[in-house]
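Engineer: Structure file my_file.txt (compact mmCIF, C-alpha atoms) right here:
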```txt
# COMPACT_ATOMS: atom_id res chain seq x y z
CA MET K 1 20.05 -10.87 -1.87
CA GLU K 2 19.11 -9.12 -5.10
CA THR K 3 16.59 -7.02 -3.20
CA PHE K 4 19.30 -5.99 -0.73
CA PHE K 5 21.63 -4.80 -3.49
CA ILE K 6 18.85 -2.85 -5.25
CA LYS K 7 17.93 -1.06 -2.02
CA ALA K 8 21.61 -0.47 -1.20
CA ALA K 9 22.29 0.96 -4.66
CA GLN K 10 19.39 3.39 -4.33
CA LEU K 11 20.50 4.42 -0.84
CA ILE K 12 24.10 5.04 -1.92
CA ALA K 13 23.05 6.96 -5.04
CA ALA K 14 20.66 9.18 -3.09
CA PHE K 15 23.11 9.67 -0.24
CA ALA K 16 25.95 10.59 -2.61
CA LEU K 17 23.79 13.16 -4.40
CA LEU K 18 22.64 14.76 -1.14
CA VAL K 19 26.17 14.94 0.26
CA ILE K 20 27.64 16.43 -2.92
CA ILE K 21 24.92 19.07 -3.14
CA HIS K 22 25.24 19.94 0.54
CA GLU K 23 29.02 20.29 0.46
CA PHE K 24 28.89 22.14 -2.85
CA GLY K 25 26.80 24.79 -1.09
CA HIS K 26 29.60 25.39 1.41
CA TYR K 27 32.20 25.22 -1.35
CA ILE K 28 30.61 27.67 -3.77
CA PHE K 29 29.89 30.30 -1.10
CA ALA K 30 33.41 29.97 0.28
CA ARG K 31 34.77 30.50 -3.21
CA MET K 32 32.46 33.50 -3.73
CA PHE K 33 34.05 35.19 -0.72
CA GLY K 34 37.61 34.29 -1.67
CA ILE K 35 38.06 31.60 1.00
CA LYS K 36 40.46 28.76 0.25
CA VAL K 37 38.90 25.30 0.24
CA GLU K 38 41.58 22.67 0.77
CA LYS K 39 39.47 19.52 0.25
CA PHE K 40 36.12 18.58 -1.26
CA TYR K 41 35.29 14.94 -0.52
CA LEU K 42 32.35 12.63 -1.03
CA PHE K 43 32.53 10.24 1.96
CA PHE K 44 35.29 10.37 4.54
CA ASP K 45 38.91 9.44 3.87
CA PRO K 46 40.72 8.52 7.09
CA TRP K 47 44.16 7.11 6.20
CA PHE K 48 43.44 6.80 2.49
CA SER K 49 40.96 7.71 -0.27
CA LEU K 50 39.49 5.71 -3.15
CA LEU K 51 39.99 8.52 -5.64
CA LYS K 52 41.52 11.96 -5.53
CA TYR K 53 42.45 14.73 -7.92
CA LYS K 54 44.55 17.82 -7.21
CA PRO K 55 44.72 20.35 -10.07
CA LYS K 56 48.14 21.63 -11.01
CA LYS K 57 49.00 25.17 -10.05
CA ARG K 58 49.63 27.70 -12.78
CA GLN K 59 52.82 29.68 -12.65
CA THR K 60 50.75 32.86 -12.84
CA ASP K 61 48.60 31.95 -9.82
CA ASN K 62 48.80 34.48 -7.01
CA PRO K 63 49.67 32.57 -3.77
CA ASP K 64 47.61 35.05 -1.75
CA ARG K 65 44.48 34.51 -3.87
CA ALA K 66 42.28 31.44 -3.42
CA THR K 67 41.28 29.55 -6.57
CA TRP K 68 39.59 26.25 -7.40
CA ARG K 69 43.07 24.81 -7.97
CA ASP K 70 43.73 24.97 -4.23
CA THR K 71 41.23 22.18 -3.66
CA GLU K 72 41.84 18.44 -3.61
CA TYR K 73 38.75 16.66 -4.93
CA GLY K 74 38.14 13.05 -3.98
CA ILE K 75 36.03 10.11 -2.86
CA GLY K 76 36.68 8.53 0.53
CA TRP K 77 36.11 4.92 1.55
CA LEU K 78 33.91 5.53 4.62
CA PRO K 79 30.34 6.29 3.41
CA LEU K 80 29.15 8.24 6.44
CA GLY K 81 28.86 11.64 4.80
CA GLY K 82 31.29 14.02 3.17
CA TYR K 83 33.08 17.27 3.85
CA VAL K 84 34.83 20.34 2.58
CA LYS K 85 37.93 21.39 4.49
CA ILE K 86 37.81 25.16 4.60
CA ALA K 87 41.06 26.88 5.47
CA GLY K 88 41.07 28.64 8.85
CA MET K 89 37.95 26.97 10.16
CA ILE K 90 37.55 24.77 13.23
CA ASP K 91 35.77 21.71 11.87
CA GLU K 92 35.91 17.91 12.00
CA SER K 93 39.50 17.96 10.70
CA MET K 94 40.63 19.60 13.99
CA ASP K 95 43.65 21.10 12.19
CA LYS K 96 45.21 22.78 15.25
CA GLU K 97 48.52 23.37 13.46
CA GLN K 98 46.88 25.59 10.87
CA MET K 99 44.86 27.42 13.51
CA ALA K 100 48.06 28.15 15.48
CA GLN K 101 49.44 30.15 12.52
CA PRO K 102 48.68 33.86 12.02
CA PRO K 103 45.39 34.34 10.08
CA LYS K 104 45.74 34.61 6.29
CA PRO K 105 43.48 36.89 4.22
CA TRP K 106 42.02 33.92 2.36
CA GLU K 107 41.05 32.00 5.52
CA PHE K 108 37.56 31.53 6.88
CA ARG K 109 38.41 33.15 10.21
CA SER K 110 39.61 36.32 8.48
CA LYS K 111 36.27 37.01 6.78
CA PRO K 112 33.41 39.12 8.17
CA ALA K 113 30.89 37.27 10.32
CA TYR K 114 28.06 37.66 7.80
CA GLN K 115 30.16 35.98 5.09
CA ARG K 116 31.03 33.10 7.40
CA LEU K 117 27.36 32.80 8.30
CA LEU K 118 26.36 32.53 4.64
CA VAL K 119 29.01 29.87 4.04
CA MET K 120 27.56 27.76 6.85
CA VAL K 121 23.92 28.29 5.88
CA ALA K 122 24.64 27.40 2.24
CA GLY K 123 24.72 23.62 2.74
CA VAL K 124 21.27 23.53 4.35
CA LEU K 125 19.94 25.95 1.74
CA MET K 126 21.21 23.80 -1.12
CA ASN K 127 19.58 20.66 0.29
CA PHE K 128 16.23 22.40 0.66
CA LEU K 129 16.46 23.88 -2.83
CA LEU K 130 17.35 20.45 -4.20
CA ALA K 131 14.19 19.01 -2.64
CA ILE K 132 12.06 21.75 -4.19
CA ILE K 133 13.67 21.19 -7.61
CA ILE K 134 13.06 17.43 -7.39
CA TYR K 135 9.44 17.87 -6.32
CA ALA K 136 8.92 20.39 -9.12
CA GLY K 137 10.48 17.95 -11.59
CA ILE K 138 8.22 15.14 -10.41
CA ALA K 139 5.14 17.35 -10.78
CA TRP K 140 6.20 18.41 -14.28
CA TYR K 141 7.30 15.00 -15.62
CA TRP K 142 5.01 12.54 -13.84
CA GLY K 143 2.28 14.81 -12.59
CA GLU K 144 0.57 14.19 -9.29
CA LYS K 145 -1.02 10.75 -9.15
CA TYR K 146 -3.22 9.49 -6.36
CA ILE K 147 -6.16 7.24 -5.68
CA PRO K 148 -8.84 9.18 -3.78
CA LEU K 149 -9.69 7.35 -0.57
CA ASP K 150 -13.40 7.54 -1.29
CA LYS K 151 -12.86 5.87 -4.68
CA ALA K 152 -11.18 2.82 -3.11
CA TYR K 153 -14.55 1.11 -2.68
CA GLU K 154 -13.19 -1.92 -0.80
CA GLY K 155 -11.51 0.34 1.73
CA MET K 156 -8.22 -0.30 3.51
CA ASP K 157 -6.43 -3.13 5.27
CA TYR K 158 -5.15 -1.98 8.66
CA VAL K 159 -2.22 -3.19 10.74
CA GLN K 160 -2.91 -4.92 14.06
CA SER K 161 -2.27 -1.86 16.26
CA ALA K 162 -4.78 0.15 14.19
CA GLN K 163 -7.39 -2.58 14.57
CA GLU K 164 -6.79 -2.61 18.32
CA ILE K 165 -8.01 0.99 18.63
CA GLY K 166 -11.12 0.43 16.52
CA PHE K 167 -10.25 0.38 12.82
CA ARG K 168 -11.63 -2.52 10.78
CA ASN K 169 -10.45 -3.88 7.45
CA GLY K 170 -12.63 -2.28 4.81
CA ASP K 171 -12.99 1.07 6.62
CA ILE K 172 -12.54 4.17 4.46
CA PRO K 173 -11.19 7.27 6.29
CA ILE K 174 -13.34 10.27 5.38
CA MET K 175 -12.77 12.92 8.08
CA ILE K 176 -9.98 14.05 10.40
CA ASP K 177 -11.16 15.92 13.52
CA GLY K 178 -14.40 16.75 11.74
CA THR K 179 -12.74 18.05 8.56
CA LYS K 180 -13.17 16.18 5.29
CA ILE K 181 -10.01 14.54 3.96
CA GLU K 182 -9.11 16.19 0.67
CA ALA K 183 -8.27 13.76 -2.10
CA ASP K 184 -4.90 15.36 -2.84
CA ASN K 185 -3.77 15.68 0.79
CA ASN K 186 -0.25 14.26 0.61
CA ASP K 187 0.12 14.32 4.40
CA LYS K 188 -3.15 12.59 5.27
CA LEU K 189 -1.40 9.68 6.99
CA LEU K 190 0.49 11.96 9.40
CA ASP K 191 -2.67 14.02 9.91
CA ILE K 192 -4.58 10.86 10.84
CA LEU K 193 -1.90 9.70 13.29
CA GLU K 194 -1.80 13.10 15.00
CA ALA K 195 -5.58 13.58 15.09
CA ASP K 196 -7.88 13.29 18.09
CA THR K 197 -10.60 11.50 16.14
CA VAL K 198 -10.90 9.96 12.68
CA THR K 199 -14.26 9.26 11.04
CA VAL K 200 -14.46 6.23 8.76
CA LEU K 201 -17.12 4.87 6.44
CA ARG K 202 -17.84 1.27 7.42
CA ASN K 203 -19.77 -1.25 5.33
CA HIS K 204 -20.29 1.51 2.74
CA LYS K 205 -23.00 3.10 4.88
CA ASP K 206 -22.10 3.67 8.55
CA SER K 207 -20.02 6.60 9.82
CA VAL K 208 -17.89 5.57 12.79
CA LYS K 209 -15.68 7.84 14.90
CA ILE K 210 -12.42 6.38 16.18
CA ALA K 211 -10.39 8.05 18.94
CA ILE K 212 -6.65 8.16 18.28
CA PRO K 213 -4.60 7.57 21.48
CA GLU K 214 -1.76 9.89 22.39
CA ASN K 215 1.59 8.87 20.88
CA PHE K 216 -0.16 6.32 18.68
CA ILE K 217 2.39 7.11 15.98
CA PHE K 218 4.99 5.01 17.84
CA ARG K 219 2.87 1.89 17.72
CA ILE K 220 2.49 2.41 13.98
CA ASN K 221 6.27 2.75 13.62
CA GLU K 222 6.67 -0.69 15.18
CA ASP K 223 4.16 -2.14 12.70
CA LYS K 224 5.97 -0.37 9.82
CA GLY K 225 2.76 0.98 8.35
CA PHE K 226 -0.82 1.95 9.04
CA PHE K 227 -3.03 0.89 6.17
CA THR K 228 -2.85 -0.30 2.59
CA TYR K 229 -5.46 -0.14 -0.14
CA ARG K 230 -7.45 -3.36 -0.34
CA MET K 231 -6.89 -5.23 -3.60
CA PRO K 232 -10.03 -6.72 -5.17
CA VAL K 233 -9.09 -9.94 -6.98
CA TYR K 234 -9.47 -9.14 -10.68
CA ILE K 235 -7.74 -11.61 -12.97
CA ALA K 236 -5.10 -10.11 -15.28
CA SER K 237 -3.93 -13.42 -16.81
CA VAL K 238 -4.46 -17.16 -16.47
CA VAL K 239 -1.47 -19.53 -16.59
CA ASN K 240 -1.79 -22.47 -19.00
CA GLY K 241 -1.81 -25.87 -17.33
CA GLU K 242 -2.80 -24.50 -13.93
CA PRO K 243 -6.10 -25.09 -12.02
CA ALA K 244 -7.56 -21.72 -13.00
CA LYS K 245 -7.29 -22.57 -16.70
CA GLY K 246 -9.03 -25.89 -16.21
CA ALA K 247 -11.79 -24.25 -14.16
CA GLY K 248 -12.57 -21.84 -16.99
CA LEU K 249 -11.53 -18.63 -15.22
CA GLN K 250 -11.04 -15.70 -17.59
CA VAL K 251 -9.26 -12.37 -17.76
CA ASP K 252 -11.34 -9.61 -16.07
CA ASP K 253 -13.15 -12.10 -13.82
CA ARG K 254 -13.43 -10.94 -10.22
CA ILE K 255 -13.20 -13.63 -7.54
CA VAL K 256 -15.47 -12.65 -4.64
CA SER K 257 -15.66 -15.82 -2.53
CA VAL K 258 -13.96 -19.13 -1.76
CA ASP K 259 -16.28 -21.93 -0.67
CA SER K 260 -19.00 -19.38 0.18
CA VAL K 261 -16.63 -17.29 2.34
CA ALA K 262 -16.55 -13.70 1.08
CA THR K 263 -13.15 -12.55 -0.17
CA PRO K 264 -13.52 -8.86 -1.01
CA SER K 265 -9.76 -8.40 -1.19
CA TYR K 266 -6.58 -10.29 -1.98
CA THR K 267 -5.83 -10.63 1.74
CA GLU K 268 -8.91 -12.75 2.46
CA PHE K 269 -8.64 -14.56 -0.87
CA THR K 270 -5.13 -15.94 -0.30
CA ALA K 271 -5.94 -16.88 3.31
CA GLU K 272 -9.04 -18.86 2.32
CA LEU K 273 -7.38 -20.44 -0.71
CA ALA K 274 -4.51 -21.69 1.45
CA LYS K 275 -7.05 -23.62 3.56
CA LYS K 276 -8.19 -25.42 0.40
CA ALA K 277 -4.77 -26.56 -0.76
CA ASP K 278 -5.12 -29.78 -2.78
CA LYS K 279 -8.86 -29.88 -2.00
CA ASN K 280 -11.92 -29.39 -4.16
CA THR K 281 -13.65 -26.09 -3.57
CA VAL K 282 -15.86 -23.56 -5.34
CA LEU K 283 -15.01 -19.96 -6.27
CA GLY K 284 -17.65 -17.26 -6.50
CA VAL K 285 -16.92 -15.16 -9.58
CA MET K 286 -18.38 -11.97 -11.02
CA ARG K 287 -18.23 -12.00 -14.83
CA ASP K 288 -19.83 -9.32 -17.00
CA GLY K 289 -22.10 -8.29 -14.14
CA LYS K 290 -23.28 -11.85 -13.44
CA PHE K 291 -22.43 -14.12 -10.51
CA ILE K 292 -21.26 -17.63 -11.36
CA TYR K 293 -19.71 -20.58 -9.49
CA CYS K 294 -16.44 -22.17 -10.64
CA PRO K 295 -15.46 -25.56 -9.15
CA ILE K 296 -11.67 -25.75 -8.74
CA LYS K 297 -8.91 -27.67 -6.98
CA PRO K 298 -5.97 -25.48 -5.85
CA ASN K 299 -2.54 -27.11 -5.98
CA SER K 300 -0.65 -28.30 -2.91
CA ALA K 301 0.66 -24.77 -2.31
CA GLY K 302 -2.84 -23.30 -2.31
CA LYS K 303 -2.33 -21.62 -5.70
CA ILE K 304 -4.54 -21.67 -8.78
CA GLY K 305 -2.28 -20.08 -11.40
CA ILE K 306 -3.50 -16.52 -11.93
CA GLN K 307 -2.00 -13.04 -11.96
CA ILE K 308 -4.15 -10.27 -10.56
CA LYS K 309 -4.52 -6.74 -11.85
CA PRO K 310 -2.46 -4.01 -10.18
CA ILE K 311 -4.28 -1.56 -7.97
CA THR K 312 -3.94 1.20 -10.57
CA ASP K 313 -6.02 -0.91 -12.98
CA VAL K 314 -8.73 -1.48 -10.38
CA TYR K 315 -9.30 1.88 -8.70
CA PRO K 316 -9.48 5.17 -10.59
CA VAL K 317 -6.14 6.96 -10.55
CA VAL K 318 -6.35 10.73 -10.69
CA THR K 319 -3.45 12.46 -12.41
CA ARG K 320 -3.05 16.18 -12.07
CA HIS K 321 -0.73 17.56 -14.74
CA TYR K 322 1.43 20.67 -14.35
CA THR K 323 3.12 22.87 -16.89
CA PHE K 324 6.77 23.77 -16.33
CA MET K 325 5.79 27.11 -14.79
CA GLN K 326 3.06 25.52 -12.65
CA SER K 327 5.48 22.87 -11.37
CA ILE K 328 7.73 25.45 -9.69
CA PRO K 329 5.20 26.69 -7.09
CA LYS K 330 3.99 23.09 -6.71
CA GLY K 331 7.54 22.00 -5.89
CA TRP K 332 7.77 24.81 -3.33
CA GLN K 333 4.43 23.81 -1.79
CA ILE K 334 5.36 20.12 -1.48
CA GLY K 335 8.83 20.98 -0.16
CA THR K 336 7.53 23.30 2.54
CA ASP K 337 4.73 20.86 3.45
CA ARG K 338 7.26 18.04 3.83
CA LEU K 339 9.50 20.23 5.96
CA SER K 340 6.58 21.28 8.17
CA SER K 341 5.48 17.66 8.61
CA TYR K 342 9.01 16.53 9.38
CA VAL K 343 9.54 19.28 11.94
CA SER K 344 6.20 18.41 13.52
CA SER K 345 7.16 14.75 13.82
CA MET K 346 10.42 15.64 15.58
CA LYS K 347 8.55 16.41 18.80
CA TYR K 348 8.21 12.66 19.30
CA VAL K 349 11.94 11.96 19.14
CA ALA K 350 12.56 13.37 22.63
CA THR K 351 10.28 10.74 24.19
CA ALA K 352 11.33 7.24 25.24
CA GLU K 353 9.21 5.71 22.48
CA GLY K 354 10.70 8.09 19.94
CA ALA K 355 14.24 7.16 20.92
CA LYS K 356 13.43 3.50 20.35
CA SER K 357 12.09 4.28 16.88
CA LEU K 358 15.30 5.97 15.71
CA GLY K 359 16.98 4.19 12.84
CA GLY K 360 20.21 4.38 10.90
CA PHE K 361 21.21 3.41 7.40
CA GLY K 362 19.16 0.21 7.53
CA ALA K 363 15.97 2.10 8.34
CA ILE K 364 16.68 4.66 5.61
CA GLY K 365 17.48 1.94 3.07
CA SER K 366 14.20 0.19 3.85
CA LEU K 367 12.33 3.25 2.54
CA PHE K 368 13.37 2.39 -1.01
CA PRO K 369 11.34 -0.11 -3.06
CA GLU K 370 12.55 -3.64 -3.87
CA LYS K 371 12.57 -2.84 -7.58
CA TRP K 372 14.18 0.22 -9.06
CA SER K 373 11.63 2.93 -9.72
CA TRP K 374 12.80 6.38 -10.77
CA LEU K 375 9.66 8.00 -9.41
CA SER K 376 10.08 6.36 -6.01
CA PHE K 377 13.81 7.08 -6.02
CA TRP K 378 13.31 10.81 -6.61
CA GLU K 379 10.42 11.06 -4.13
CA ILE K 380 12.46 9.43 -1.36
CA THR K 381 15.60 11.39 -2.27
CA ALA K 382 13.67 14.66 -2.07
CA PHE K 383 12.27 13.72 1.34
CA LEU K 384 15.75 12.76 2.61
CA SER K 385 17.06 16.09 1.33
CA VAL K 386 14.44 17.90 3.42
CA ALA K 387 15.32 15.76 6.44
CA LEU K 388 19.05 16.38 5.97
CA ALA K 389 18.50 20.13 5.70
CA PHE K 390 16.54 20.19 8.96
CA MET K 391 18.91 17.92 10.86
CA ASN K 392 21.92 19.99 9.82
CA ILE K 393 20.35 23.25 11.00
CA LEU K 394 19.93 21.93 14.55
CA PRO K 395 22.11 23.97 16.97
CA ILE K 396 24.49 21.12 17.76
CA PRO K 397 28.25 21.79 17.68
CA ALA K 398 29.90 19.93 14.75
CA LEU K 399 26.74 20.43 12.66
CA ASP K 400 26.13 23.49 10.48
CA GLY K 401 23.54 24.62 13.01
CA GLY K 402 26.16 24.71 15.75
CA HIS K 403 28.44 26.96 13.69
CA ILE K 404 25.45 29.14 12.80
CA MET K 405 24.50 29.45 16.48
CA PHE K 406 27.98 30.68 17.43
CA LEU K 407 28.11 33.05 14.44
CA LEU K 408 24.75 34.57 15.38
CA TYR K 409 26.07 35.03 18.91
CA GLU K 410 29.12 36.82 17.46
CA ILE K 411 27.00 39.08 15.25
CA ILE K 412 24.63 40.01 18.09
CA SER K 413 27.17 40.39 20.90
CA ARG K 414 30.04 41.57 18.68
CA ARG K 415 32.22 39.12 20.58
CA LYS K 416 33.87 36.17 18.89
CA PRO K 417 34.05 32.89 20.87
CA SER K 418 37.62 31.86 21.54
CA GLU K 419 39.23 29.27 19.31
CA LYS K 420 39.84 27.04 22.33
CA PHE K 421 36.13 27.15 23.20
CA MET K 422 35.24 26.32 19.59
CA GLU K 423 37.63 23.36 19.63
CA TYR K 424 36.06 21.95 22.79
CA ALA K 425 32.54 22.54 21.42
CA GLN K 426 33.50 20.76 18.20
CA LEU K 427 34.80 17.75 20.15
CA VAL K 428 31.66 17.55 22.28
CA GLY K 429 29.45 17.82 19.20
CA MET K 430 31.39 15.15 17.33
CA ALA K 431 31.21 12.80 20.32
CA PHE K 432 27.45 13.31 20.56
CA LEU K 433 26.95 12.63 16.85
CA ILE K 434 29.07 9.47 16.97
CA ILE K 435 27.06 8.16 19.92
CA LEU K 436 23.81 9.02 18.13
CA LEU K 437 25.04 7.30 14.96
CA LEU K 438 25.99 4.16 16.87
CA TYR K 439 22.69 4.15 18.76
CA ALA K 440 20.55 4.58 15.62
CA ASN K 441 22.36 1.87 13.70
CA GLY K 442 22.35 -0.32 16.80
CA ASN K 443 18.55 -0.04 16.78
CA ASP K 444 18.58 -1.28 13.18
CA ILE K 445 20.67 -4.29 14.13
CA TYR K 446 18.48 -5.06 17.15
CA ARG K 447 15.28 -4.87 15.09
CA PHE K 448 16.82 -7.06 12.37
CA ILE K 449 17.84 -9.79 14.81
CA PHE K 450 15.04 -9.76 17.36
CA LYS K 451 11.98 -8.45 15.48
```
Just give me the structure as structure tokens.
Structural biologist:
Amino acid sequence: METFFIKAAQLIAAFALLVIIHEFGHYIFARMFGIKVEKFYLFFDPWFSLLKYKPKKRQTDNPDRATWRDTEYGIGWLPLGGYVKIAGMIDESMDKEQMAQPPKPWEFRSKPAYQRLLVMVAGVLMNFLLAIIIYAGIAWYWGEKYIPLDKAYEGMDYVQSAQEIGFRNGDIPIMIDGTKIEADNNDKLLDILEADTVTVLRNHKDSVKIAIPENFIFRINEDKGFFTYRMPVYIASVVNGEPAKGAGLQVDDRIVSVDSVATPSYTEFTAELAKKADKNTVLGVMRDGKFIYCPIKPNSAGKIGIQIKPITDVYPVVTRHYTFMQSIPKGWQIGTDRLSSYVSSMKYVATAEGAKSLGGFGAIGSLFPEKWSWLSFWEITAFLSVALAFMNILPIPALDGGHIMFLLYEIISRRKPSEKFMEYAQLVGMAFLIILLLYANGNDIYRFIFK
């Protein structure tokens, strides 16, 4: 339950930040062009709101001039997004009464098409800029840390679907379609899944080519992963009173076998140890470059009372540091790479397998770690900001992209779509988005119950 609340807290915090930044983009550009913004809300507020604030009007305020005091600021109770209600605009509020009145000079519909276009583009622009700023901040504060694949000498553990097409635990990916995998390639996983062939180093000596089937990415989605770094069993600490202490195991020992069965990684070690629960066995241990045997009797749970070293203490971690000025282009590079990768992955959504892989808030929440990590939080938030920017620019009525599409039509044709047409388009778009939202979250519920 604690894990659930930690993930939920991270999801809500990230979601709130992304919504506020997105809606602030619309708000600030509307204000720049003298357009009245009636509401600015985080989350939706049907029937009532959790919190709201409406500034008092000054006696000197000109009723024909829009100011920040025209806006009601608040927090709704339905955490499905947020909105700004811009006067004279056909949006999710469907305020037909206002639209039936003669246009006012401070309304959205009274402004030139290019100004209205900028107001609509601003939300997407702010989300993309936010992602770049976050990535730049990560590069500047934490640097870029990674474990080069070729330095992970025990290789990778692969999920079942990867093993079915030829990967073996311990394989080290070294080439994608004949091109060497660069150590700092942040998109190597997507590149592997979209490749025709991947070359791996097997048994530290053999190069093996593996063909990647078409649409293999969907099978990986079902397995919720592809590979993980193998964890050699190096002892970080020994618990007093437990079998390991009595057997003489020491900090920095590496356990390499259980009863003569090789255990190059934690995966094999725990599996073999479980077979020896409450039985006498012998561990093979490397200590100071020498191989020794340690007789031991695991407890009834198949445990011996040790903590193992984290992967960052086992494999060399490369950290590339950036100055403040260097972090800015790095943030831009990562942001554009993430956007390109995300756009590329969207081609799978239109397929039957892609539709099944769609997820809602549960799937998004599962991206966050079980323990709060600021680095992970900002990395995931930046990625979600890129995803939100792209999704909002899609030419679907009710999304920013739908408004942009109609505004571009108006600019090119010099003909403005009728308000009645815009109302119908808005209704169709909203219906589509509601169905999509229900379907995606329904997938989450189905996977939670049946998988």
Engineer: Of the residues K:Asn280, K:Val261, K:Ala14, K:Ser344, which is the one nearest to Ile364 of chain K, using all atoms listed in the file?
Structural biologist: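 Closest to Ile364 of chain K, using all atoms listed in the file: K:Ala14.
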Engineer: Show which residues sit within 9 Å of Asn299 of chain K, as a ChimeraX atom specification. Count only C-alpha atoms, and ignore same-chain residues fewer than 4 positions away.
Structural biologist: /K:242-243,276-279,303-305
Engineer: Report the distance between atom CA of Met405 of chain K and atom CA of Tyr439 of chain K in Å, rounded to one decimal place.
Structural biologist: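 About the pair atom CA of Met405 of chain K and atom CA of Tyr439 of chain K: they are 25.5 Å apart.
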Engineer: Of the candidates K:Ala30, K:Ala8, K:Ile412, K:Ala244, which one gets nearest to Lys111 of chain K if we count all atoms listed in the file?
Structural biologist: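 For Lys111 of chain K, the nearest of the given residues is K:Ala30.
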Engineer: How many Å lie between atom CA of Gly302 of chain K and atom CA of Gly284 of chain K, rounded to one decimal?
Structural biologist: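 According to the coordinates, atom CA of Gly302 of chain K and atom CA of Gly284 of chain K are separated by 16.5 Å.
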Engineer: Need the shell around Ile308 of chain K: protein/DNA/RNA residues with any atom at most 8 Å away, counting all atoms listed in the file. Skip same-chain ones fewer than 4 positions apart. Format as a VMD selection string?
Structural biologist: chain K and resid 233 to 237
Engineer: Place a sphere of radius 7 Å on (-11.1, -16.3, -7.6) in the file coordinates and name every protein, DNA or RNA residue with an atom inside or on its surface, counting all atoms listed in the file; give the answer as a list in words.
Structural biologist: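 Here the neighbourhood of the point contains Val233, Arg254, Ile255, Val256, Ser257, Leu283, Gly284 and Val285 of chain K.
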Engineer: Under the rule that only C-alpha atoms are counted, which of K:Asp337, K:Ile12, K:Asp70, K:Gly137 is the nearest residue to Lys188 of chain K?
Structural biologist: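 Answer, going by the shortest atom-to-atom distance: K:Asp337.
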Engineer: For Glu72 of chain K, list every protein, DNA or RNA residue within 10 Å, evaluated using only C-alpha atoms, and leave out those in the same chain fewer than 4 positions away; present the list as number ranges by chain.
Structural biologist: K: 37-41, 52-55, 68, 84-85
Engineer: For each of K:Ile334, K:Ile311, K:Ala389, K:Ala425, take the minimum atom-to-atom distance to Ile147 of chain K, counting only C-alpha atoms, then give the residue where this is smallest.
Structural biologist: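 Once distances to Ile147 of chain K are computed over only C-alpha atoms, the minimum belongs to K:Ile311.
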Engineer: Nearest to Leu407 of chain K among K:Ile172, K:Met346, K:Met286, K:Val121, with distances taken over all atoms listed in the file: which residue is it?
Structural biologist: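 Among the listed residues, K:Val121 lies closest to Leu407 of chain K.
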Engineer: Residues at most 12 Å from Ala152 of chain K, counting all atoms listed in the file, excluding those fewer than 5 positions away in the same chain, as a list in words?
Structural biologist: Tyr146, Ile147, Asp157, Gly170, Asp171, Ile172, Pro173, Ile174, Ala183, Leu201, His204, Thr228, Tyr229, Arg230, Met231, Pro232, Ser265, Ile311, Thr312, Asp313, Val314, Tyr315, Pro316, Val317 and Val318 of chain K
Engineer: Would you save the residues of that selection, restricted to C-alpha atoms, as a compact mmCIF listing (two decimals), in the frame of the given file?
Structural biologist:
```txt
# COMPACT_ATOMS: atom_id res chain seq x y z
CA TYR K 146 -3.22 9.49 -6.36
CA ILE K 147 -6.16 7.24 -5.68
CA ASP K 157 -6.43 -3.13 5.27
CA GLY K 170 -12.63 -2.28 4.81
CA ASP K 171 -12.99 1.07 6.62
CA ILE K 172 -12.54 4.17 4.46
CA PRO K 173 -11.19 7.27 6.29
CA ILE K 174 -13.34 10.27 5.38
CA ALA K 183 -8.27 13.76 -2.10
CA LEU K 201 -17.12 4.87 6.44
CA HIS K 204 -20.29 1.51 2.74
CA THR K 228 -2.85 -0.30 2.59
CA TYR K 229 -5.46 -0.14 -0.14
CA ARG K 230 -7.45 -3.36 -0.34
CA MET K 231 -6.89 -5.23 -3.60
CA PRO K 232 -10.03 -6.72 -5.17
CA SER K 265 -9.76 -8.40 -1.19
CA ILE K 311 -4.28 -1.56 -7.97
CA THR K 312 -3.94 1.20 -10.57
CA ASP K 313 -6.02 -0.91 -12.98
CA VAL K 314 -8.73 -1.48 -10.38
CA TYR K 315 -9.30 1.88 -8.70
CA PRO K 316 -9.48 5.17 -10.59
CA VAL K 317 -6.14 6.96 -10.55
CA VAL K 318 -6.35 10.73 -10.69
```
Engineer: Of the candidates K:Pro298, K:Pro102, K:Gly25, K:Gly166, which shows the shortest atom-to-atom distance to Asp400 of chain K, using all atoms listed in the file?
Structural biologist: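 Going through K:Pro298, K:Pro102, K:Gly25, K:Gly166 one by one, the smallest distance to Asp400 of chain K is for K:Gly25.
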Engineer: In Å, how far is it from atom CA of Ser385 of chain K to atom CA of Ala16 of chain K?
Structural biologist: 11.2 Å
Engineer: Neighbouring residues of Phe406 of chain K were defined as those with any atom within 8 Å, considering all atoms listed in the file; residues of the same chain fewer than 4 positions away were excluded. Please report them as a ChimeraX atom specification.
Structural biologist: /K:402,410,417
